[in-house]
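The next block is target02.tsv, given as TSV, C-alpha atoms.
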```tsv
chain	number	residue	atom	x	y	z
G	647	MET	CA	124.16	85.16	77.07
G	648	ASP	CA	126.98	85.13	74.65
G	649	GLN	CA	127.85	81.55	73.73
G	650	ASN	CA	131.10	82.71	72.20
G	651	ASN	CA	132.29	84.23	75.46
G	652	PRO	CA	134.53	81.65	77.13
G	653	TRP	CA	134.17	83.43	80.43
G	654	THR	CA	130.46	82.86	80.49
G	655	THR	CA	129.20	79.58	81.93
G	656	ASN	CA	125.71	78.09	81.94
G	657	PRO	CA	124.29	77.17	85.33
G	658	PRO	CA	123.81	73.39	85.76
G	659	ALA	CA	120.40	72.12	84.96
G	660	SER	CA	118.32	71.46	88.03
G	661	GLN	CA	117.58	67.72	88.47
G	662	ASP	CA	114.37	68.26	90.37
G	663	SER	CA	113.49	71.55	91.82
G	664	THR	CA	110.21	70.18	93.22
G	665	PRO	CA	110.49	69.05	96.89
G	666	SER	CA	109.57	65.33	97.60
G	667	ASN	CA	106.10	64.59	98.93
G	668	PRO	CA	106.15	62.92	102.42
G	669	THR	CA	102.83	61.26	101.71
G	670	ASP	CA	104.20	59.50	98.63
G	671	SER	CA	107.22	58.24	100.61
G	672	SER	CA	105.03	56.75	103.35
G	673	ALA	CA	102.82	55.06	100.78
G	674	GLN	CA	105.84	53.55	99.05
G	675	SER	CA	107.17	52.26	102.40
G	676	ALA	CA	103.83	50.67	103.21
G	677	LEU	CA	103.71	49.02	99.79
G	678	ASP	CA	107.22	47.64	100.34
G	679	LYS	CA	106.19	46.15	103.70
G	680	ILE	CA	103.10	44.57	102.17
G	681	ALA	CA	105.18	43.13	99.37
G	682	ASN	CA	107.73	41.70	101.82
G	683	ALA	CA	105.00	40.23	103.99
G	684	ALA	CA	103.35	38.66	100.97
G	685	GLU	CA	106.66	37.21	99.82
G	686	SER	CA	107.32	35.78	103.29
G	687	TYR	CA	103.84	34.27	103.40
G	688	VAL	CA	104.31	32.67	100.00
G	689	LYS	CA	107.66	31.19	101.09
G	690	GLN	CA	106.15	29.92	104.33
G	691	GLU	CA	103.25	28.33	102.49
G	692	ARG	CA	105.65	26.74	100.02
G	693	TRP	CA	107.76	25.23	102.81
G	694	SER	CA	104.62	24.14	104.66
G	695	ARG	CA	103.37	22.30	101.58
G	696	ARG	CA	106.75	20.67	101.10
G	697	TRP	CA	106.88	19.41	104.71
G	698	THR	CA	103.27	18.22	104.50
G	699	ASN	CA	103.98	16.30	101.31
G	700	ALA	CA	107.17	14.86	102.79
G	701	LEU	CA	105.26	13.71	105.89
G	702	LYS	CA	102.61	12.07	103.74
G	703	ILE	CA	105.29	10.26	101.76
G	704	LEU	CA	106.97	9.05	104.95
G	705	ILE	CA	103.65	7.76	106.29
G	706	VAL	CA	102.95	5.90	103.05
G	707	VAL	CA	106.48	4.45	103.01
G	708	TYR	CA	106.13	3.33	106.65
G	709	ILE	CA	102.79	1.64	105.98
G	710	LEU	CA	104.14	-0.13	102.89
G	711	PHE	CA	107.27	-1.15	104.78
G	712	SER	CA	105.18	-2.50	107.65
G	713	ILE	CA	102.93	-4.43	105.27
G	714	VAL	CA	105.95	-5.98	103.60
G	715	MET	CA	107.37	-6.98	106.97
G	716	PHE	CA	103.99	-8.35	108.02
G	717	ALA	CA	103.86	-10.45	104.88
G	718	GLY	CA	107.26	-11.90	105.70
G	719	PHE	CA	109.05	-10.65	102.60
G	720	PHE	CA	112.24	-9.96	104.56
G	721	GLY	CA	113.08	-13.63	104.51
G	722	ASP	CA	113.27	-14.38	108.22
G	723	ASN	CA	115.30	-17.56	108.42
G	724	GLU	CA	113.22	-18.86	111.30
G	725	VAL	CA	109.96	-18.89	109.37
G	726	GLN	CA	109.54	-21.84	107.04
G	727	PRO	CA	106.47	-23.41	105.45
G	728	THR	CA	104.61	-25.83	107.70
G	729	SER	CA	104.64	-28.36	104.87
G	730	SER	CA	108.41	-28.77	105.28
G	731	GLU	CA	110.07	-30.79	107.99
G	732	HIS	CA	111.09	-28.32	110.66
G	733	ILE	CA	111.75	-27.62	114.31
G	734	ALA	CA	108.91	-25.80	116.05
G	735	VAL	CA	110.23	-22.86	118.08
G	736	VAL	CA	108.14	-21.28	120.83
G	737	LYS	CA	109.50	-18.13	122.45
G	738	ILE	CA	108.92	-17.36	126.12
G	739	ASN	CA	110.27	-13.91	126.95
G	740	GLY	CA	109.60	-11.60	129.87
G	741	THR	CA	107.81	-11.95	133.17
G	742	ILE	CA	105.45	-14.92	133.42
G	743	MET	CA	102.12	-13.63	134.64
G	744	ALA	CA	98.39	-13.85	134.06
G	745	GLY	CA	97.08	-11.62	131.30
G	746	ALA	CA	100.52	-11.26	129.70
G	747	PRO	CA	101.87	-12.83	126.48
G	748	THR	CA	103.69	-15.27	128.78
G	749	SER	CA	100.55	-16.50	130.54
G	750	ALA	CA	99.27	-20.06	130.23
G	751	GLU	CA	96.23	-18.71	128.41
G	752	SER	CA	98.46	-17.21	125.72
G	753	LEU	CA	101.22	-19.82	125.49
G	754	ASN	CA	99.40	-23.14	125.82
G	755	PRO	CA	97.49	-22.81	122.51
G	756	VAL	CA	100.79	-21.95	120.80
G	757	LEU	CA	102.40	-25.01	122.35
G	758	ARG	CA	99.54	-27.16	121.10
G	759	ASP	CA	100.01	-25.83	117.56
G	760	ALA	CA	103.74	-26.56	117.73
G	761	PHE	CA	103.25	-30.14	118.93
G	762	GLU	CA	100.34	-30.90	116.61
G	763	ALA	CA	102.12	-29.70	113.47
G	764	LYS	CA	102.59	-32.84	111.35
G	765	ASN	CA	106.03	-31.86	110.09
G	766	SER	CA	107.56	-30.59	113.31
G	767	ARG	CA	110.26	-33.03	114.38
G	768	ALA	CA	110.88	-31.44	117.77
G	769	VAL	CA	109.80	-28.48	119.89
G	770	VAL	CA	112.34	-25.94	121.12
G	771	LEU	CA	111.45	-23.44	123.83
G	772	SER	CA	113.55	-20.33	123.42
G	773	MET	CA	113.41	-18.87	126.93
G	774	ASN	CA	114.59	-15.61	128.42
G	775	SER	CA	112.69	-14.78	131.60
G	776	PRO	CA	113.27	-13.89	135.26
G	777	GLY	CA	110.25	-15.99	136.24
G	778	GLY	CA	106.95	-14.85	137.66
G	779	SER	CA	103.71	-16.45	138.74
G	780	PRO	CA	104.09	-19.99	140.16
G	781	VAL	CA	100.55	-20.83	139.05
G	782	GLN	CA	101.11	-19.75	135.43
G	783	SER	CA	104.47	-21.54	135.39
G	784	ALA	CA	102.85	-24.71	136.70
G	785	LEU	CA	100.06	-24.57	134.12
G	786	ILE	CA	102.55	-24.22	131.27
G	787	ASN	CA	104.77	-26.97	132.69
G	788	ASP	CA	101.79	-29.32	132.97
G	789	GLU	CA	100.73	-28.62	129.38
G	790	ILE	CA	104.22	-29.28	128.01
G	791	THR	CA	104.38	-32.56	129.92
G	792	ARG	CA	100.96	-33.60	128.58
G	793	LEU	CA	101.74	-32.68	124.97
G	794	LYS	CA	105.14	-34.33	125.08
G	795	GLN	CA	103.59	-37.64	126.10
G	796	LEU	CA	100.66	-37.29	123.72
G	797	HIS	CA	102.68	-36.54	120.57
G	798	ASN	CA	105.91	-38.32	121.48
G	799	LYS	CA	108.07	-35.41	120.33
G	800	PRO	CA	111.29	-34.33	122.04
G	801	VAL	CA	111.31	-30.99	123.79
G	802	TYR	CA	114.39	-28.85	124.21
G	803	VAL	CA	114.92	-25.62	126.09
G	804	VAL	CA	117.47	-23.07	124.96
G	805	ALA	CA	117.97	-20.40	127.61
G	806	GLY	CA	119.08	-16.88	126.78
G	807	ASP	CA	120.41	-14.34	129.24
G	808	LEU	CA	118.22	-15.54	132.07
G	809	CYS	CA	116.16	-18.60	132.96
G	810	ALA	CA	115.33	-18.29	136.62
G	811	SER	CA	112.55	-19.11	139.06
G	812	GLY	CA	109.27	-19.64	137.15
G	813	CYS	CA	111.19	-19.80	133.88
G	814	TYR	CA	113.20	-22.74	135.19
G	815	TYR	CA	109.97	-24.26	136.56
G	816	ILE	CA	108.73	-24.42	132.95
G	817	ALA	CA	112.09	-25.55	131.59
G	818	ALA	CA	112.10	-28.56	133.91
G	819	ALA	CA	109.40	-30.11	131.69
G	820	ALA	CA	111.81	-30.34	128.75
G	821	ASP	CA	113.81	-33.43	127.86
G	822	GLU	CA	117.02	-31.42	127.72
G	823	ILE	CA	118.06	-27.87	128.61
G	824	TYR	CA	120.86	-25.89	126.97
G	825	ALA	CA	122.22	-22.42	127.62
G	826	ASN	CA	125.17	-20.14	127.06
G	827	LYS	CA	128.09	-20.22	129.46
G	828	GLY	CA	127.08	-16.73	130.59
G	829	SER	CA	123.37	-17.49	131.04
G	830	ILE	CA	121.96	-17.15	134.56
G	831	ILE	CA	120.21	-20.34	135.62
G	832	GLY	CA	118.33	-21.45	138.73
G	833	SER	CA	116.67	-19.44	141.51
G	834	ILE	CA	114.66	-22.43	142.69
G	835	GLY	CA	112.78	-20.61	145.39
G	836	VAL	CA	109.64	-18.62	146.16
G	837	ARG	CA	109.23	-15.00	147.23
G	838	PHE	CA	106.45	-12.75	148.40
G	839	ASP	CA	107.23	-9.05	148.72
G	840	THR	CA	105.58	-6.68	151.16
G	841	PHE	CA	106.60	-3.68	153.26
G	842	GLY	CA	105.56	-1.56	156.22
G	843	PHE	CA	105.07	2.19	156.74
G	844	THR	CA	104.03	2.25	160.38
G	845	GLU	CA	107.06	4.09	161.81
G	846	LEU	CA	106.99	6.65	159.03
G	847	MET	CA	103.27	7.16	159.59
G	848	GLN	CA	103.88	7.87	163.27
G	849	LYS	CA	106.51	10.48	162.43
G	850	ILE	CA	104.29	12.38	160.02
G	851	GLY	CA	101.09	11.95	162.03
G	852	VAL	CA	99.19	9.57	159.77
G	853	GLU	CA	96.73	7.20	161.42
G	854	ASN	CA	95.66	3.83	159.97
G	855	ARG	CA	91.87	3.50	160.04
G	856	SER	CA	91.44	0.28	158.01
G	857	MET	CA	88.54	-1.95	159.04
G	858	THR	CA	88.40	-5.71	158.58
G	859	ALA	CA	86.22	-8.68	159.45
G	860	GLY	CA	88.46	-11.60	160.28
G	861	GLU	CA	91.34	-11.68	162.72
G	862	HIS	CA	94.11	-11.98	160.14
G	863	LYS	CA	92.41	-10.39	157.12
G	864	SER	CA	94.86	-7.48	156.87
G	865	PHE	CA	98.06	-9.26	157.82
G	866	ILE	CA	99.84	-7.95	154.70
G	867	ASN	CA	98.53	-4.40	155.12
G	868	PRO	CA	101.64	-2.16	154.84
G	869	PHE	CA	99.89	0.54	156.89
G	870	GLY	CA	99.15	-1.69	159.89
G	871	LYS	CA	101.17	-3.51	162.50
G	872	GLU	CA	102.85	-6.75	161.50
G	873	ASP	CA	100.79	-9.83	162.29
G	874	GLU	CA	103.40	-12.35	163.46
G	875	GLU	CA	100.95	-15.26	163.73
G	876	ALA	CA	99.57	-14.76	160.22
G	877	LYS	CA	103.09	-14.20	158.87
G	878	ALA	CA	104.21	-17.58	160.27
G	879	PHE	CA	101.12	-19.23	158.80
G	880	PHE	CA	101.78	-17.72	155.37
G	881	GLN	CA	105.44	-18.74	155.51
G	882	THR	CA	104.74	-22.39	156.27
G	883	ARG	CA	101.42	-22.99	154.50
G	884	ILE	CA	101.95	-20.91	151.36
G	885	LEU	CA	105.60	-20.09	150.64
G	886	GLU	CA	107.21	-23.30	151.85
G	887	ARG	CA	104.58	-25.52	150.28
G	888	THR	CA	104.87	-23.69	146.97
G	889	HIS	CA	108.64	-24.04	147.23
G	890	GLN	CA	108.31	-27.78	147.81
G	891	GLN	CA	106.06	-28.07	144.75
G	892	PHE	CA	108.78	-26.30	142.75
G	893	ILE	CA	111.44	-28.68	144.09
G	894	ASP	CA	109.32	-31.73	143.27
G	895	VAL	CA	108.81	-30.55	139.68
G	896	VAL	CA	112.54	-29.95	139.21
G	897	LYS	CA	113.46	-33.33	140.66
G	898	SER	CA	110.86	-35.05	138.52
G	899	GLY	CA	112.06	-33.32	135.36
G	900	ARG	CA	115.80	-33.52	135.90
G	901	GLY	CA	115.94	-36.82	137.76
G	902	GLU	CA	119.37	-38.29	138.43
G	903	ARG	CA	121.08	-35.56	136.44
G	904	LEU	CA	120.84	-33.27	139.49
G	905	LYS	CA	123.94	-33.31	141.66
G	906	GLU	CA	123.84	-33.22	145.44
G	907	ASN	CA	124.36	-29.63	146.54
G	908	GLU	CA	123.00	-27.97	149.67
G	909	ASP	CA	122.51	-24.69	147.84
G	910	LEU	CA	120.63	-26.13	144.88
G	911	PHE	CA	117.13	-25.29	146.15
G	912	THR	CA	117.91	-22.15	148.15
G	913	GLY	CA	117.06	-19.65	145.44
G	914	LEU	CA	120.66	-19.09	144.31
G	915	VAL	CA	121.60	-18.81	140.65
G	916	TRP	CA	124.55	-20.05	138.61
G	917	LEU	CA	126.15	-19.30	135.27
G	918	GLY	CA	125.65	-21.77	132.46
G	919	ASP	CA	128.98	-23.57	132.74
G	920	GLU	CA	128.48	-24.28	136.46
G	921	ALA	CA	124.81	-25.12	135.89
G	922	VAL	CA	126.03	-27.97	133.70
G	923	GLU	CA	128.12	-29.32	136.57
G	924	LEU	CA	125.15	-29.16	138.94
G	925	GLY	CA	122.88	-30.95	136.46
G	926	LEU	CA	120.53	-27.99	136.12
G	927	ILE	CA	121.16	-27.99	132.37
G	928	ASP	CA	122.51	-30.60	129.96
G	929	GLY	CA	125.10	-28.59	128.12
G	930	LEU	CA	126.14	-25.37	126.42
G	931	GLY	CA	124.62	-24.54	123.07
G	932	ASP	CA	122.13	-22.44	121.11
G	933	ILE	CA	119.17	-23.21	118.85
G	934	GLY	CA	121.50	-23.85	115.93
G	935	PHE	CA	123.34	-26.47	117.96
G	936	VAL	CA	120.09	-28.19	118.94
G	937	ALA	CA	118.78	-28.16	115.37
G	938	ARG	CA	122.01	-29.20	113.69
G	939	ASP	CA	123.62	-31.61	116.14
G	940	LEU	CA	120.74	-33.03	118.17
G	941	VAL	CA	117.70	-33.11	115.90
G	942	GLY	CA	119.34	-33.02	112.49
G	943	VAL	CA	116.86	-30.60	110.96
G	944	SER	CA	118.00	-27.17	109.82
G	945	ARG	CA	114.63	-25.53	109.20
G	946	LEU	CA	113.14	-23.56	112.06
G	947	ARG	CA	109.61	-22.22	112.31
G	948	THR	CA	108.52	-19.87	115.06
G	949	TYR	CA	105.04	-20.48	116.45
G	950	GLU	CA	103.36	-17.56	118.15
G	951	GLN	CA	100.00	-16.31	119.27
G	952	GLU	CA	97.79	-15.10	116.44
G	953	LYS	CA	97.48	-11.33	116.19
G	954	THR	CA	95.32	-9.04	114.15
G	955	PHE	CA	96.84	-7.01	111.36
G	956	MET	CA	96.50	-3.81	113.37
G	957	GLU	CA	98.26	-5.40	116.35
G	958	HIS	CA	101.16	-6.25	114.11
G	959	LEU	CA	101.11	-2.89	112.42
G	960	MET	CA	100.85	-0.71	115.52
G	961	GLY	CA	102.54	-2.96	118.06
G	962	ASP	CA	105.35	-5.36	117.34
G	963	LEU	CA	106.22	-3.93	113.95
G	964	VAL	CA	107.27	-0.62	115.48
G	965	SER	CA	110.06	-2.30	117.41
G	966	GLU	CA	110.77	-4.71	114.57
G	967	THR	CA	111.08	-1.84	112.11
G	968	ALA	CA	113.53	-0.08	114.38
G	969	LEU	CA	115.49	-3.31	114.78
G	970	LYS	CA	115.64	-3.93	111.04
G	971	LEU	CA	116.75	-0.37	110.38
G	972	SER	CA	119.44	-0.52	113.05
G	973	GLN	CA	120.69	-3.83	111.67
G	974	THR	CA	120.77	-2.42	108.17
G	975	LEU	CA	122.67	0.67	109.27
G	976	SER	CA	125.12	-1.36	111.33
G	977	HIS	CA	125.84	-3.62	108.36
G	978	GLN	CA	126.46	-0.59	106.17
G	979	TRP	CA	129.00	0.79	108.61
G	980	GLN	CA	130.84	-2.49	109.12
```
Now, as a test, write the supplied structure out as structure tokens.
Amino acid sequence: MDQNNPWTTNPPASQDSTPSNPTDSSAQSALDKIANAAESYVKQERWSRRWTNALKILIVVYILFSIVMFAGFFGDNEVQPTSSEHIAVVKINGTIMAGAPTSAESLNPVLRDAFEAKNSRAVVLSMNSPGGSPVQSALINDEITRLKQLHNKPVYVVAGDLCASGCYYIAAAADEIYANKGSIIGSIGVRFDTFGFTELMQKIGVENRSMTAGEHKSFINPFGKEDEEAKAFFQTRILERTHQQFIDVVKSGRGERLKENEDLFTGLVWLGDEAVELGLIDGLGDIGFVARDLVGVSRLRTYEQEKTFMEHLMGDLVSETALKLSQTLSHQWQ
């Protein structure tokens, strides 16, 4: 080929005249998939380790936070050293019943600690309860009356949202009762709930085959016919007598402060401001009012049933932690 001939051109150099090998392409694709899978696995493992470490840190923080709360390092204003002059506060919250934190078995030892404390000037029962067992209420009332006479210390009740039925039965043992104007007070009555399914059973073809020994043994059986004779007996010998015991305790505790009112012992309830007028309570006020204006001691110490560390850690502290966090967050947003 003549390089000097301008009309002569060289053919372009072939980039690759050899055809690609399909086997090599498949191998490369498989290697790419393996590499991607390995990379994904590594990322997943990395994220898994991060979440695991984060969870461990959270668990450690929670345990430390709970221990700090258990030790009382949050400075609860109600907890003061027993060596200082203080008001002993005993909380009674929830339904009053055997086996519960509001049973006589649980509360009476706490009451004894509160009364026996050398530096407690007075005992305040912070109460918020719909009532419950008349027997448990009577046992707690009797113990308060005994301790009050034994230690010659004044007893005050400060009612929260509700102090009704068995709660008021206990409160009647106090020297004075205070509440908020919106508190619900009273319900001086007795109830026993039962029900009957007999008509429904007839409709669906269910037959009652209960067996008893004793004419009135199953008079409260919801699957049997109503026993009118036993019902009348229970009404007069159990409910009405229990009700009269309740009335006697209230009259003994409140004395001449009670006003004549035909509805007073019917089981009705009143708000705090009207309860003052009826003599069910002595006035409107909270624990601060009692401590500051009546007793003249600002320090409060809450007495409660002793619990193990694990009970605190796994039980009450869960709700207390949530409460503290919510309070902290609410303060930050205010």
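The residue set within 8 Å of Ser766 of chain G, counting all atoms listed in the file and dropping same-chain residues fewer than 5 places from it, reads Thr728, Glu731, His732, Ile733, Ala734, Ala760 and Phe761 of chain G.
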Within 7 Å of segment 774-788 of chain G using all atoms listed in the file, minus same-chain residues under 5 positions, as a PyMOL selection string
chain G and resi 738-744+749-750+754+805-813+815-816+819
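Shortest atom-to-atom contact with Ser730 of chain G among G:Val895, G:Val804, G:Ala763, G:Ala673: G:Ala763, counting all atoms listed in the file.
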Check which residues of segment 782-871 of chain G sit at most 12 Å from segment 940-951 of chain G using all atoms listed in the file, and return one row each with the closest pair of atoms and their distance in Å to one decimal, ordered by chain and rising number, as JSON lines.
```
{"residue": "G:Lys799", "atom": "CA", "partner": "G:Val941", "partner_atom": "CA", "distance": 10.8}
{"residue": "G:Pro800", "atom": "CA", "partner": "G:Val941", "partner_atom": "CA", "distance": 9.0}
{"residue": "G:Val801", "atom": "CA", "partner": "G:Val941", "partner_atom": "CA", "distance": 10.4}
{"residue": "G:Tyr802", "atom": "CA", "partner": "G:Leu940", "partner_atom": "CA", "distance": 9.7}
{"residue": "G:Asp821", "atom": "CA", "partner": "G:Leu940", "partner_atom": "CA", "distance": 11.9}
{"residue": "G:Glu822", "atom": "CA", "partner": "G:Leu940", "partner_atom": "CA", "distance": 10.4}
{"residue": "G:Ile823", "atom": "CA", "partner": "G:Leu940", "partner_atom": "CA", "distance": 11.9}
{"residue": "G:Tyr824", "atom": "CA", "partner": "G:Leu940", "partner_atom": "CA", "distance": 11.3}
```
Those same residues, written as a JSON list (two decimals), keeping the file's coordinate frame with C-alpha atoms?
```
[["chain", "number", "residue", "atom", "x", "y", "z"],
["G", 799, "LYS", "CA", 108.07, -35.41, 120.33],
["G", 800, "PRO", "CA", 111.29, -34.33, 122.04],
["G", 801, "VAL", "CA", 111.31, -30.99, 123.79],
["G", 802, "TYR", "CA", 114.39, -28.85, 124.21],
["G", 821, "ASP", "CA", 113.81, -33.43, 127.86],
["G", 822, "GLU", "CA", 117.02, -31.42, 127.72],
["G", 823, "ILE", "CA", 118.06, -27.87, 128.61],
["G", 824, "TYR", "CA", 120.86, -25.89, 126.97]]
```
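Interatomic distance, atom CA of Gly918 of chain G to atom CA of Asp932 of chain G: 11.9 Å.
The gap separating atom CA of Trp697 of chain G from atom CA of Asp678 of chain G is 28.6 Å, in Å to one decimal.
With distances restricted to only C-alpha atoms, G:Val836 is the closest residue to Thr882 of chain G from G:Glu685, G:Gly899, G:Val836, G:Thr858.
Of the listed residues (G:Gly925, G:Gly931, G:Gly832, G:Gly842), G:Gly842 comes nearest to Lys871 of chain G; the distances count only C-alpha atoms.
Using all atoms listed in the file, the smallest distance between any of G:Lys849, G:Lys827, G:His889, G:Arg855 and Leu917 of chain G comes from G:Lys827.
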